[in-house]
Amino acid sequence: MRRRSDIPEVKTLCNYLFLDKKEDLQEYNDLIDTRSERVACWVTDLVPPGNRHDNDYPNFRDIQLIPTLNELACEEDSWLPLANGENSVINDPAIRLLDSNFRLLREDAVHSIKTNINEQTRIWKNARIIDVNCTGSGQRHGKGKSMSSLSFVLQVEPRAMKVNGGKIDWGNSRALPQGGVVALCHDGKPVRMGTITIRNHEKSGEWLNSLGGPKISVTFDSEEDFQQSLQEMGQNMFINEKVVKCLDNVQRDNFMEQLKTYDLIEASDSFFSYKPILQALQAMEGVPLSDEIVHMRPSGSGRPEYLPPRMKMPDVKCFNGFECNLDNWVHSEVTSNTSLDQSQTEALQHALTSRVALIQGPPGTGKTFIGALIARMIRENCPDVKILCVCYTNHALDQFLENLINTGEKSIARIGGRSKSERLKPYQLRELAKHKAKLNRESSLRLNRVIAQLHNHHEAIERLIKEVNTPLEWDTPNGGARSLFKEEDEYEEFLKFLSVPVSEDGFQVIGPKNKALKSGWLWEHWKGGGRYPEWLRNYMKDIPSQRFHFFWNSDQTDRADMIEKWRQEVLYDTRIELNNEVVKFNDLHKEKQAIIREKDIEILKNARVIGATTNGAAQSREILSATSADVVIVEEAGEVLEAHVLASLSEESSHSRETKHLILIGDHKQLRPKAENYRLTTISGSGYNFDCSLFERLVLSHLPSVMLQVQHRMRPSISEFVRVQTYPTLQDHPSVTEYPSVRGVSSDVVFIDHEKAEDGADKRNDIDGHNKTKSNTHEAEICIEIVRYLLLQGYRHDQIVILTPYVGQIGKIVRMMQTKMKETTAYISELDLNEMDEEEVHELENDKNNGAGKGKSVRCASVDNFQGEEADLIVISLVRSNVRGNIGFLKEEQRVNVLLSRARYGLFIVGSASTLQRSAKGRKVWRPLLKMLEDNNQLMKGLPTVCVQHPNDDIIELMKPKDFRKVRPNGGCSRPCDFRMTCGHVCPQMCHFIDKEHKIAQKKCMEPCRRFPPNCHLNHACPKPCNEECGPCSERVDPTLLPCGHIFSSPRCHDIRNPDAIKKLSRKCNEAINFKFAECNHTEETTCANARSPSPKCPAICGKLLDCQHPCGNR
């Protein structure tokens, strides 16, 4: 029987039983509507959590974050809570909410771990444990190094790249990331899971740049894994040194076989971003503001208690210091005394009179503006209130905080170091910690004491590790093999087998070299693979037993196994002591971090506004709880997972206050939060709705909310798209009706329809396409030509953005742009680069034409990473074009909403209308839009171009990429320009819009120069091209008599322009004369110019005898 999770698109399991083929299933799915909530299936959904594997617990707080090996091997699906609560197993609604968010978030993380391990695409060969590390600097020894928790050093075989000369650029590479989860695998199965704690690429010859392969430091959580790793390190350490130094491949392979090695798989490069959220959820005892968040009902208490009944608006021109009465709010008074419109006034009132406020902001309605106004009013009217501003992306956070700085706010602390804003640099927590915060005397003394103890334990760990890695000897101070054999009855016979016998007369036995045999001689002989010496048998008192013969005749492998077993028993107490030292060391490290955090807490306590991304807020949850923000404002709340918002809230405790006010500003009709596991998403129809944000859940539960109604971004012909599709009541601000028309085209909005198939459209294995990136070569070419055409109309590079739903198309467009537009580069954001294939990223970054941030860069972005941003001109490549009507992301209304609402002045869409209409799921989204385009004559086969210089000419539709450069080579028509430039020549170009004054064209004019060279009194013509400076006249003239009396046969015009020039020319006279040189008394033939120079040089050989009696050879 199929599991329910295997058939997410079918309403019930029974439906599936009637379908025989995959094609039938797809056809059936296309005929039914996908519901966001599903009926629970007894096969999986109703089996409660517990006993599936060793990490499956009913209480979510007992679950280990990193999956166990038993969990990874389990084929049974995890129990996951359905959004409708039908399979709920917890009665308390608050705990049920925490449990649900924890399990779904962790499943999203674990799914990618399982996928990467199964696919084994990110694999490193011959991973071996070779050392330990307990310094944050990545160096094992040395005083003064920052202590960190103990980890193991792993080395892997180097891996070649297809670009960058085969070498990995570790500074830019995403491989082996800090905080990433790795799996050590044997025969394709994971045997140990760890976390990368050190990834150092800065030092040449060390760590990632090490000879013999990259090195990283990894921690293992379980005691068993720690002990096993410690044992392997002892086996590998010395052999690995031979491997690294060995130049002979055969010998190196022999050494490698002696190592304990694994395949290291990068199981997750993003788990570090999940971990703090999961930890925060496990630590929460309840949910703040539970009336609204848990029970989805207004609290009934009206405005938040901390707010005064009357609040003054900012005393600036737009607001005039107007005083609002929160208990008796009159909208007309606010709108008449401020610049706010009706919906903004309603949003402001809702935010200030609701403990949990929901403000929906359609595209361009000024969400950031209203959020900044709310924050400003709270801080100006409530001096003691602390505000936490949380955003999903660093870009949105920077934008929000900069808006507050513009209003005069200076008491800001930004958590996290990934800000791109120079203005926010002084407000970053790390910068503030350097200059403004110091530990008090007591904390400073505590820190010094802890550091001293860390070094003591570090030295003890080093000593114990050395002991653990020491080979087993016959006698050692801490006990060797002889002591073990004496103490353990089961080994007593081994003591007899390996003890040197004594002669009958009591004298020592003499060895082969006439030396007395030491007590451990037989032990060393046996370890080396030797047999029992025949000459010693004469001294044996008893007849050797069968076990004696078996022991001495065993092969080297069996002996090595026995020695290792005995070594582990001898070192048992040492390993226990080492483990205790590691525990103490790690505890001290945590104490040290807690002391250091006191500085951060002090800074945040003094800040009135704290800014953090959702991830940063979760990672800093401990210090944020200690500072207790009263108000949490979440920007782009519709794009933030509910778990992230919950983790940002503070609970009432002995050291923190409960969050009093939560303001969510976003739009649930734009992009939902991102999920790695498609099965968990709302659109999959599985019923888990993991990507449903807290904002969306509360709005759809009819908790009071307000929508901003006036958009300030799009011209009306563009905003009509989102009105038809999503927001029928959305209004245009008068300013957007005054936008100028886009130059060079007859319509500001165009859908260019084509039938060119997407790349790989003939592959039958693409049924849904939700998890595969796509590209379309034809669309990439058309988009590039449109961009070039718009640039030729005089638009700046930063006014144009190319948008697409697929990162694969981004790579295709960028590579084409590098070859087809030599003077224009493509800018790709960090978020998009992170989603692209790493080798493709290296290829794009290493190309000389790919220069992000340059003046002539055009942004190329995915729609998912462009929400919240805008541009004057947007060129869209929809990519999907196939006969089956598979349109992937384009069937999602939220994504289409964002896609069509980013442009201010002009929107140019390239896609296949027939494919969109064939899609069973997507046609309800696209049919109204395509009909509107068709009714407005905006659905065309090409770009409708016009010549700005000749507006009465016919409109020409450019349908093929080659048409653009053939018909509109310079952005105008095909007429010659015929403009007479200031140089007197006619412009040789075809009609063009840019460079109307022909300053650039004149600099490139290659016609013969019509000017006379400067200072030429004979009016010689300049022989150079027009675009070059004339320079001195080089025309040859008649012979000239020089002041020296000689005649210069063919001087240049410039050389005889005046007496001073002729005098200067005489200094170059090459007429030969005889001249007596006063310094050496030689009379030699030389040039006239040399003879008349202040220091004439004699051409004769000196000839004077040197001290060595040889003649001088110098002149």
# chains A, B, ... in the order shown; residues from 1 in each chain; ligands from 1

call {"tool": "residues_around", "arguments": {"residues": "Leu624 of chain A", "least_positions_apart": "2", "cutoff": "9 Å", "atoms": "only C-alpha atoms", "output": "ChimeraX atom specification"}}
result
/A:388,601,604,617-618,620-622,626-629,648,650,656

call {"tool": "residues_around", "arguments": {"residues": "Ile117 of chain A", "least_positions_apart": "2", "cutoff": "8 Å", "atoms": "only C-alpha atoms", "output": "MDAnalysis selection string"}}
result
chainID A and resid 113:115 119:120 183 190 265:267

call {"tool": "write_last_selection", "arguments": {"atoms": "N, CA and C atoms", "output": "CSV table (one decimal), in the first residue's frame"}}
result
chain,number,residue,atom,x,y,z
A,113,ILE,N,18.9,16.8,4.6
A,113,ILE,CA,20.1,16.0,5.1
A,113,ILE,C,19.9,14.6,4.5
A,114,LYS,N,18.7,14.0,4.6
A,114,LYS,CA,18.5,12.7,4.0
A,114,LYS,C,18.8,12.7,2.5
A,115,THR,N,18.3,13.7,1.8
A,115,THR,CA,18.4,13.8,0.4
A,115,THR,C,19.9,13.8,0.0
A,119,GLU,N,21.7,11.0,-2.2
A,119,GLU,CA,22.2,11.3,-3.6
A,119,GLU,C,23.7,11.4,-3.6
A,120,GLN,N,24.4,11.6,-2.5
A,120,GLN,CA,25.9,11.7,-2.4
A,120,GLN,C,26.5,12.5,-3.5
A,183,ALA,N,28.2,14.0,7.2
A,183,ALA,CA,28.0,12.6,7.5
A,183,ALA,C,29.3,11.8,7.1
A,190,PRO,N,25.6,6.2,6.5
A,190,PRO,CA,26.2,7.1,7.5
A,190,PRO,C,26.5,6.3,8.8
A,265,ILE,N,30.2,13.3,3.5
A,265,ILE,CA,29.1,13.9,2.7
A,265,ILE,C,28.7,15.2,3.4
A,266,GLU,N,28.6,16.3,2.6
A,266,GLU,CA,28.0,17.5,3.1
A,266,GLU,C,26.5,17.4,3.2
A,267,ALA,N,26.0,17.0,4.4
A,267,ALA,CA,24.6,16.7,4.5
A,267,ALA,C,23.7,17.9,4.5

call {"tool": "select_by_dssp", "arguments": {"residues": "segment 970-1029 of chain A", "states": "strand (DSSP E)", "output": "list in words"}}
result
Gly971, Gly972, Cys973, Ser974, Arg975, Pro976, Met990, Cys991 and His992 of chain A

call {"tool": "residues_around", "arguments": {"residues": "Gly530 of chain A", "least_positions_apart": "4", "cutoff": "8 Å", "atoms": "only C-alpha atoms", "output": "PyMOL selection string"}}
result
chain A and resi 525-526+552

call {"tool": "closest_atom_pairs", "arguments": {"of": "segment 418-509 of chain A", "to": "segment 128-131 of chain A", "cutoff": "12 Å", "atoms": "only C-alpha atoms", "output": "tab-separated table"}}
result
residue	atom	partner	partner_atom	distance
A:Glu462	CA	A:Asp131	CA	10.7
A:Ile465	CA	A:Asp131	CA	9.5
A:Lys466	CA	A:Asp131	CA	10.7
A:Asn469	CA	A:Asp131	CA	10.4

call {"tool": "write_last_selection", "arguments": {"atoms": "all heavy atoms", "output": "mmCIF file, in the first residue's frame"}}
result
data_model
loop_
_atom_site.group_PDB
_atom_site.id
_atom_site.type_symbol
_atom_site.label_atom_id
_atom_site.label_comp_id
_atom_site.auth_asym_id
_atom_site.auth_seq_id
_atom_site.Cartn_x
_atom_site.Cartn_y
_atom_site.Cartn_z
ATOM 1 N N GLU A 462 45.785 17.919 26.251
ATOM 2 C CA GLU A 462 46.917 17.627 25.360
ATOM 3 C C GLU A 462 47.731 16.451 25.906
ATOM 4 O O GLU A 462 48.120 15.549 25.148
ATOM 5 C CB GLU A 462 47.807 18.876 25.261
ATOM 6 C CG GLU A 462 47.192 20.048 24.522
ATOM 7 C CD GLU A 462 47.375 19.898 23.029
ATOM 8 O OE1 GLU A 462 48.505 19.634 22.592
ATOM 9 O OE2 GLU A 462 46.377 20.033 22.308
ATOM 10 N N ILE A 465 45.666 13.166 25.616
ATOM 11 C CA ILE A 465 45.567 12.735 24.220
ATOM 12 C C ILE A 465 46.867 12.081 23.783
ATOM 13 O O ILE A 465 46.872 11.071 23.062
ATOM 14 C CB ILE A 465 45.207 13.927 23.313
ATOM 15 C CG1 ILE A 465 43.740 14.292 23.501
ATOM 16 C CG2 ILE A 465 45.486 13.616 21.852
ATOM 17 C CD1 ILE A 465 43.312 15.529 22.764
ATOM 18 N N LYS A 466 47.981 12.654 24.255
ATOM 19 C CA LYS A 466 49.285 12.056 23.931
ATOM 20 C C LYS A 466 49.380 10.644 24.506
ATOM 21 O O LYS A 466 49.870 9.718 23.857
ATOM 22 C CB LYS A 466 50.401 12.937 24.478
ATOM 23 C CG LYS A 466 51.781 12.518 24.039
ATOM 24 C CD LYS A 466 52.835 13.502 24.538
ATOM 25 C CE LYS A 466 54.231 13.075 24.073
ATOM 26 N NZ LYS A 466 55.267 14.021 24.560
ATOM 27 N N ASN A 469 47.224 8.183 22.556
ATOM 28 C CA ASN A 469 47.772 7.836 21.242
ATOM 29 C C ASN A 469 49.102 7.083 21.323
ATOM 30 O O ASN A 469 49.709 6.786 20.301
ATOM 31 C CB ASN A 469 47.974 9.115 20.418
ATOM 32 C CG ASN A 469 46.659 9.754 20.037
ATOM 33 O OD1 ASN A 469 45.678 9.055 19.822
ATOM 34 N ND2 ASN A 469 46.625 11.070 19.973
#

call {"tool": "residues_around", "arguments": {"residues": "Arg531 of chain A", "least_positions_apart": "5", "cutoff": "12 Å", "atoms": "only C-alpha atoms", "output": "list in words"}}
result
Phe497, Leu498, Leu522, Trp523, Glu524, His525, Trp526, Leu536, Arg537, Phe548, His549, Phe550, Phe551, Trp552, Asn553, Ser554, Asp555, Gln556 and Arg559 of chain A

call {"tool": "atom_distance", "arguments": {"atom1": "atom CA of Asn677 of chain A", "atom2": "atom CA of Asp108 of chain A"}}
result
5.4 Å

call {"tool": "residues_around", "arguments": {"residues": "Asn1114 of chain A", "least_positions_apart": "2", "cutoff": "7 Å", "atoms": "only C-alpha atoms", "output": "ChimeraX atom specification"}}
result
/A:1101-1102,1112

call {"tool": "closest_residue", "arguments": {"among": "A:Val749, A:Val294, A:Cys783, A:Ile374", "to": "Ile359 of chain A", "atoms": "only C-alpha atoms"}}
result
A:Ile374

call {"tool": "atom_distance", "arguments": {"atom1": "atom CA of Arg441 of chain A", "atom2": "atom CA of Gln428 of chain A"}}
result
24.9 Å

call {"tool": "atom_distance", "arguments": {"atom1": "atom CA of Val706 of chain A", "atom2": "atom CA of Gln360 of chain A"}}
result
6.0 Å

call {"tool": "select_by_dssp", "arguments": {"residues": "segment 578-693 of chain A", "states": "helix (DSSP H, G or I)", "output": "compact mmCIF listing (two decimals) with N, CA and C atoms, in the first residue's frame"}}
result
# COMPACT_ATOMS: atom_id res chain seq x y z
N LEU A 578 40.17 11.72 30.38
CA LEU A 578 40.13 12.65 29.25
C LEU A 578 38.71 13.15 29.02
N ASN A 579 37.76 12.25 29.10
CA ASN A 579 36.37 12.64 28.88
C ASN A 579 35.92 13.66 29.94
N ASN A 580 36.34 13.44 31.19
CA ASN A 580 35.99 14.39 32.26
C ASN A 580 36.62 15.75 32.01
N GLU A 581 37.85 15.74 31.53
CA GLU A 581 38.52 17.00 31.23
C GLU A 581 37.80 17.75 30.10
N VAL A 582 37.35 17.00 29.09
CA VAL A 582 36.65 17.63 27.97
C VAL A 582 35.34 18.25 28.44
N VAL A 583 34.62 17.54 29.32
CA VAL A 583 33.35 18.07 29.86
C VAL A 583 33.61 19.36 30.63
N LYS A 584 34.65 19.35 31.48
CA LYS A 584 34.98 20.56 32.25
C LYS A 584 35.39 21.70 31.31
N PHE A 585 36.17 21.34 30.30
CA PHE A 585 36.63 22.35 29.34
C PHE A 585 35.44 22.99 28.62
N ASN A 586 34.52 22.17 28.15
CA ASN A 586 33.35 22.70 27.43
C ASN A 586 32.46 23.54 28.34
N ASP A 587 32.32 23.11 29.60
CA ASP A 587 31.53 23.90 30.56
C ASP A 587 32.17 25.26 30.80
N LEU A 588 33.48 25.28 30.93
CA LEU A 588 34.19 26.55 31.12
C LEU A 588 34.06 27.44 29.88
N HIS A 589 34.09 26.80 28.72
CA HIS A 589 33.94 27.57 27.48
C HIS A 589 32.57 28.25 27.44
N LYS A 590 31.53 27.53 27.86
CA LYS A 590 30.18 28.11 27.90
C LYS A 590 30.13 29.26 28.92
N GLU A 591 30.81 29.07 30.04
CA GLU A 591 30.85 30.15 31.05
C GLU A 591 31.56 31.37 30.50
N LYS A 592 32.62 31.14 29.77
CA LYS A 592 33.35 32.26 29.16
C LYS A 592 32.46 33.01 28.18
N GLN A 593 31.73 32.27 27.34
CA GLN A 593 30.84 32.92 26.38
C GLN A 593 29.74 33.71 27.09
N ALA A 594 29.26 33.18 28.22
CA ALA A 594 28.22 33.88 28.97
C ALA A 594 28.74 35.20 29.54
N ILE A 595 29.98 35.20 30.00
CA ILE A 595 30.58 36.44 30.53
C ILE A 595 30.75 37.46 29.41
N ILE A 596 31.22 36.99 28.26
CA ILE A 596 31.40 37.91 27.12
C ILE A 596 30.07 38.49 26.67
N ARG A 597 29.01 37.66 26.76
CA ARG A 597 27.68 38.14 26.35
C ARG A 597 27.17 39.28 27.23
N GLU A 598 27.75 39.40 28.43
CA GLU A 598 27.32 40.48 29.32
C GLU A 598 27.53 41.84 28.68
N LYS A 599 28.60 41.98 27.90
CA LYS A 599 28.85 43.24 27.19
C LYS A 599 27.74 43.51 26.19
N ASP A 600 27.35 42.47 25.44
CA ASP A 600 26.28 42.64 24.46
C ASP A 600 24.96 43.00 25.14
N ILE A 601 24.70 42.35 26.27
CA ILE A 601 23.47 42.63 26.99
C ILE A 601 23.43 44.08 27.45
N GLU A 602 24.57 44.57 27.92
CA GLU A 602 24.63 45.95 28.39
C GLU A 602 24.36 46.93 27.25
N ILE A 603 24.92 46.64 26.07
CA ILE A 603 24.71 47.50 24.90
C ILE A 603 23.23 47.51 24.51
N LEU A 604 22.63 46.31 24.45
CA LEU A 604 21.23 46.21 24.04
C LEU A 604 20.29 46.82 25.06
N LYS A 605 20.66 46.78 26.33
CA LYS A 605 19.82 47.41 27.35
C LYS A 605 19.78 48.92 27.16
N ASN A 606 20.88 49.48 26.65
CA ASN A 606 20.95 50.93 26.47
C ASN A 606 20.39 51.38 25.12
N THR A 614 15.46 37.45 11.29
CA THR A 614 14.79 36.41 12.06
C THR A 614 15.80 35.39 12.58
N ASN A 615 16.79 35.09 11.75
CA ASN A 615 17.85 34.16 12.16
C ASN A 615 18.69 34.74 13.27
N GLY A 616 19.08 36.02 13.10
CA GLY A 616 19.89 36.68 14.11
C GLY A 616 19.16 36.79 15.44
N ALA A 617 17.86 37.04 15.39
CA ALA A 617 17.08 37.14 16.62
C ALA A 617 17.06 35.80 17.36
N ALA A 618 16.94 34.70 16.60
CA ALA A 618 16.93 33.38 17.24
C ALA A 618 18.30 33.03 17.82
N GLN A 619 19.36 33.35 17.07
CA GLN A 619 20.71 33.06 17.54
C GLN A 619 21.05 33.88 18.79
N ARG A 621 18.82 34.86 21.02
CA ARG A 621 17.62 34.81 21.87
C ARG A 621 17.95 35.02 23.33
N GLU A 622 19.09 34.48 23.79
CA GLU A 622 19.44 34.58 25.20
C GLU A 622 19.67 36.03 25.62
N ILE A 623 20.43 36.78 24.80
CA ILE A 623 20.68 38.18 25.17
C ILE A 623 19.46 39.05 24.92
N LEU A 624 18.64 38.68 23.92
CA LEU A 624 17.43 39.45 23.67
C LEU A 624 16.42 39.25 24.82
N SER A 625 16.38 38.04 25.37
CA SER A 625 15.49 37.79 26.51
C SER A 625 15.92 38.62 27.71
N ALA A 626 17.24 38.77 27.88
CA ALA A 626 17.74 39.55 29.01
C ALA A 626 17.45 41.03 28.85
N THR A 627 17.32 41.49 27.60
CA THR A 627 17.04 42.91 27.37
C THR A 627 15.55 43.18 27.24
N ALA A 637 6.27 40.24 6.96
CA ALA A 637 5.86 39.14 7.83
C ALA A 637 5.23 37.99 7.06
N GLY A 638 4.70 38.25 5.88
CA GLY A 638 4.12 37.17 5.09
C GLY A 638 5.15 36.23 4.53
N GLU A 639 6.42 36.63 4.56
CA GLU A 639 7.50 35.81 4.01
C GLU A 639 8.32 35.15 5.12
N GLU A 642 6.35 30.99 10.65
CA GLU A 642 5.77 31.23 11.98
C GLU A 642 6.77 30.89 13.08
N ALA A 643 7.54 29.84 12.88
CA ALA A 643 8.52 29.44 13.90
C ALA A 643 9.52 30.56 14.17
N HIS A 644 9.91 31.30 13.14
CA HIS A 644 10.86 32.39 13.30
C HIS A 644 10.27 33.51 14.14
N VAL A 645 9.00 33.83 13.92
CA VAL A 645 8.36 34.89 14.69
C VAL A 645 8.22 34.47 16.15
N LEU A 646 7.78 33.24 16.38
CA LEU A 646 7.63 32.76 17.75
C LEU A 646 8.96 32.82 18.51
N ALA A 647 10.04 32.47 17.81
CA ALA A 647 11.35 32.48 18.46
C ALA A 647 11.84 33.88 18.78
N SER A 648 11.23 34.90 18.16
CA SER A 648 11.64 36.30 18.40
C SER A 648 10.92 36.90 19.61
N TYR A 678 9.23 20.21 -0.55
CA TYR A 678 8.01 20.57 -1.27
C TYR A 678 6.78 19.93 -0.65
N ARG A 679 6.93 18.72 -0.10
CA ARG A 679 5.80 18.00 0.49
C ARG A 679 5.16 18.78 1.63
N LEU A 680 5.93 19.64 2.29
CA LEU A 680 5.42 20.39 3.44
C LEU A 680 4.68 21.66 3.05
